[in-house]
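Report on the following structure.
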Amino acid sequence: MPKSEIFEKLYSDYDRWFDEHDAIYRCELEALRQILPPFTKGLEVGVGTGRFAAPLGIQVGVEPSPKMAAIARKRGIEVVPGVAEALPFADKSFDLVLMVTTICFVDDIDKSFEEAKRVLSDDGHLVIAFVDRDSPLGRFYEAHKDESRFYKEATFYSKKDIFKLLKRHGFILKRCNEALFGESLEALRCEIYEGCKKGGAFLTLIARKK
C-alpha cells in the first residue's frame with residue numbers, strides 16, 4: 001500500500017494547506033497550465049482532494065484515501081479507489097496522465113511508470129510535477145523530513161532521477177518548466193521558467209510514449 005495513511009488521518013489539514021499557501025498553489029497551477037497539452041480524457045494519479053484535477057479540467061482521479069477522495073468528488077472529480085502501481089483501468093484508456101507531488105509517496109516508482117504508460121493511448125502524454133530534491137527547497141525538505149507530518153515517509157527525487165526513469169520506461173521527454181524559487185516556504189518566489197536549469201523547486205515535465 002502507498003504511504004496514504006497520514007493523508008487519510010490529516011486530510012483536512014492537507015486540503016487547508018492550499019488555502020493557507022494560496023500564492024504557492026496558484027503558482028503551481030500556472031506552471032502546470034503552461035505545460036499541459038490538449039487532451040480529451042485525463043486521469044490524475046493520486047488526485048488527493050482534487051485541488052489540481054478540478055481547475056485543470058481533468059475528469060477522473062485515482063486515490064487510495066477515502067476521505068481525500070470524498071472531497072475530490074465534491075469538486076466534481078470521478079474518483080476511483082486505487083494506487084499508482086495497479087491502476088484500475090483498461091489499456092490505453094486516457095490520453096493524459098497527471099501526477100502532481102505523487103511520485104514521492106508511491107511504494108514502487110517503476111511500477112507506477114509502467115502503469116501510467118499502460119493506460120495511456122499511443123499518442124498520450126504523461127505530466128509529472130514534483131519537488132526537485134536538488135533544489136534549495138528540496139534540500140531543505142530532505143534535511144527536515146522527520147519534522148514534517150506529510151513528508152516524513154516521502155522519497156524525494158532529482159530531475160536526473162526522473163529523466164532516467166522516463167527513458168527506462170519508454171517515454172520521450174518533450175518539455176520541462178520550473179517554478180518556485182527560494183530555500184523555504186516563507187521565502188518562495190513565484191517565478192516560472194521554461195527549461196530545468198535555474199534551480200526551481202517545483203518541476204513539471206511532459207513526456208509522450210515512444
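Each chain of the C-alpha cells is named A, B, ... in the order shown, its residues numbered from 1; ligands are numbered from 1 in display order.
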
Spatial neighbours of region 133-136 of chain A, 12 Å, only C-alpha atoms, chain gap at least 6 places, as number ranges by chain: A: 104, 142-143, 145, 154-162, 178-185, 187-188, 196-203

Those of region 28-182 of chain A in DSSP alpha helix (DSSP H), formatted as number ranges by chain: A: 28-35, 53-56, 66-74, 109-119, 136-143, 159-168

Counting only C-alpha atoms, the option among A:His144, A:Lys9, A:Lys152, A:Arg118 closest to Phe171 (chain A):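 Nearest candidate to Phe171 (chain A) out of A:His144, A:Lys9, A:Lys152, A:Arg118: A:Arg118.
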
From A:Ala84, A:Ile128, A:Val62, A:Ala69, residue lying nearest Leu173 (chain A) [only C-alpha atoms]: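 Result for the nearest residue to Leu173 (chain A): A:Ile128.
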
What are the closest atom pairs, with distances in Å to one decimal, for each residue of region 41-130 of chain A lying within 12 Å of region 16-31 of chain A, using only C-alpha atoms, rows by chain and rising residue number, as a Markdown table?
```
| residue | atom | partner | partner_atom | distance |
| --- | --- | --- | --- | --- |
| A:Gly48 | CA | A:Phe18 | CA | 12.0 |
| A:Thr49 | CA | A:Arg16 | CA | 10.2 |
| A:Gly50 | CA | A:Phe18 | CA | 11.2 |
| A:Arg51 | CA | A:Phe18 | CA | 8.0 |
| A:Phe52 | CA | A:Leu29 | CA | 7.0 |
| A:Ala53 | CA | A:Leu29 | CA | 9.9 |
| A:Ala54 | CA | A:Leu29 | CA | 10.8 |
| A:Pro55 | CA | A:Leu29 | CA | 8.2 |
| A:Leu56 | CA | A:Leu29 | CA | 8.0 |
| A:Gly57 | CA | A:Leu29 | CA | 11.8 |
| A:Met68 | CA | A:Arg16 | CA | 11.9 |
| A:Ile71 | CA | A:Arg16 | CA | 11.6 |
| A:Val100 | CA | A:Glu28 | CA | 9.6 |
| A:Thr101 | CA | A:Glu28 | CA | 10.7 |
| A:Val127 | CA | A:Ala31 | CA | 11.5 |
| A:Ile128 | CA | A:Ala31 | CA | 11.4 |
| A:Ala129 | CA | A:Glu28 | CA | 8.8 |
| A:Phe130 | CA | A:Glu28 | CA | 10.1 |
```

Can I get the selected residues back with C-alpha atoms, as an mmCIF file, in the first residue's frame?
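As written to disk, part.cif reads:
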```cif
data_model
loop_
_atom_site.group_PDB
_atom_site.id
_atom_site.type_symbol
_atom_site.label_atom_id
_atom_site.label_comp_id
_atom_site.auth_asym_id
_atom_site.auth_seq_id
_atom_site.Cartn_x
_atom_site.Cartn_y
_atom_site.Cartn_z
ATOM 1 C CA GLY A 48 -5.968 13.852 -3.358
ATOM 2 C CA THR A 49 -8.743 16.346 -2.713
ATOM 3 C CA GLY A 50 -8.942 17.416 -6.359
ATOM 4 C CA ARG A 51 -7.034 20.663 -5.932
ATOM 5 C CA PHE A 52 -5.291 20.219 -9.293
ATOM 6 C CA ALA A 53 -7.628 17.995 -11.288
ATOM 7 C CA ALA A 54 -10.669 20.244 -10.872
ATOM 8 C CA PRO A 55 -9.192 23.561 -12.116
ATOM 9 C CA LEU A 56 -7.229 21.789 -14.861
ATOM 10 C CA GLY A 57 -10.314 20.059 -16.271
ATOM 11 C CA MET A 68 -9.462 12.678 0.408
ATOM 12 C CA ILE A 71 -13.566 15.941 -1.038
ATOM 13 C CA VAL A 100 1.382 16.045 -9.014
ATOM 14 C CA THR A 101 3.670 15.501 -5.996
ATOM 15 C CA VAL A 127 2.812 15.020 -16.966
ATOM 16 C CA ILE A 128 4.745 14.806 -13.720
ATOM 17 C CA ALA A 129 5.137 17.624 -11.198
ATOM 18 C CA PHE A 130 7.400 17.172 -8.189
#
```
